[in-house]
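Reviewing the structure listed below.
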Amino acid sequence: MLPYEKRLKQNSRALRSNMTEAEQALWYYLRRKQINGWQFYRQKPLGRYIVDFYCPAARLVVELDGSQHFESEHAQADQVRDQYLAGLGLRVLRFDNRQVLLETEAVVEVIGKSPPAPPFSKGGVDASGLEVADESENSDANKSNRMETENELIPTSAIKVEPIPPFAKGGLGGIRSGTSPEDEVDA
């Protein structure tokens, strides 16, 4: 479980009862494990911050930015916040409120194509439900850091995940022109 400051719990509850229009629109798609069977939490305290949406299975944070986030002081604060969350091993996706309201399904598609969290390194079951062997059971150390995909073992160190760029004001929303959404996530 990730640490959080207990003083944020009351603020988190208040934010959940007063969600913005964009948060409500996105929550409609994130709730009840509708995306990849992942559980999302809204207004979740993580460390010293309250994030808009958090998915523990994918170690993913989704932040919705209002117009104030385009000001330089807020952009700097967001960068510090993103670095802190990355230090906790989390990936952060940022979307503009306008983008969420006008292109909700595209935003949901980008979130759904985010790769799941890597499997456990010491046995158990990973986020996709595949059983992962304990290192002590394998004589070959490289076998413990592999993930099974369609009857083929791929070293987890070979999987490259690039962050999805934040949405630009009036832009295509993380989708570079000339590429399809599949290319963007698989890159």
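Note on naming: chains are A, B, ... as they come in the structure tokens, residues start from 1 per chain, ligands start from 1 in the order shown.
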
Contacts of Tyr49 of chain A at 8 Å or less, counting only C-alpha atoms, minus same-chain residues fewer than 6 places along, as number ranges by chain? A: 4, 8, 81

For Glu63 of chain A, work out the shell of residues within 9 Å, counting only C-alpha atoms and skipping chain neighbours fewer than 4 positions away, then give it as an MDAnalysis selection string. chainID A and resid 51:54 92:96

With a distance cut-off of 12 Å and only C-alpha atoms, select the neighbouring residues of Gln43 of chain A, excluding the residue or stretch itself and same-chain residues fewer than 2 positions from it, and output the selection as a count of residues only. 31

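A straight line drawn from atom CA of Gln79 of chain A to atom CA of Gln34 of chain A is 29.2 Å long.
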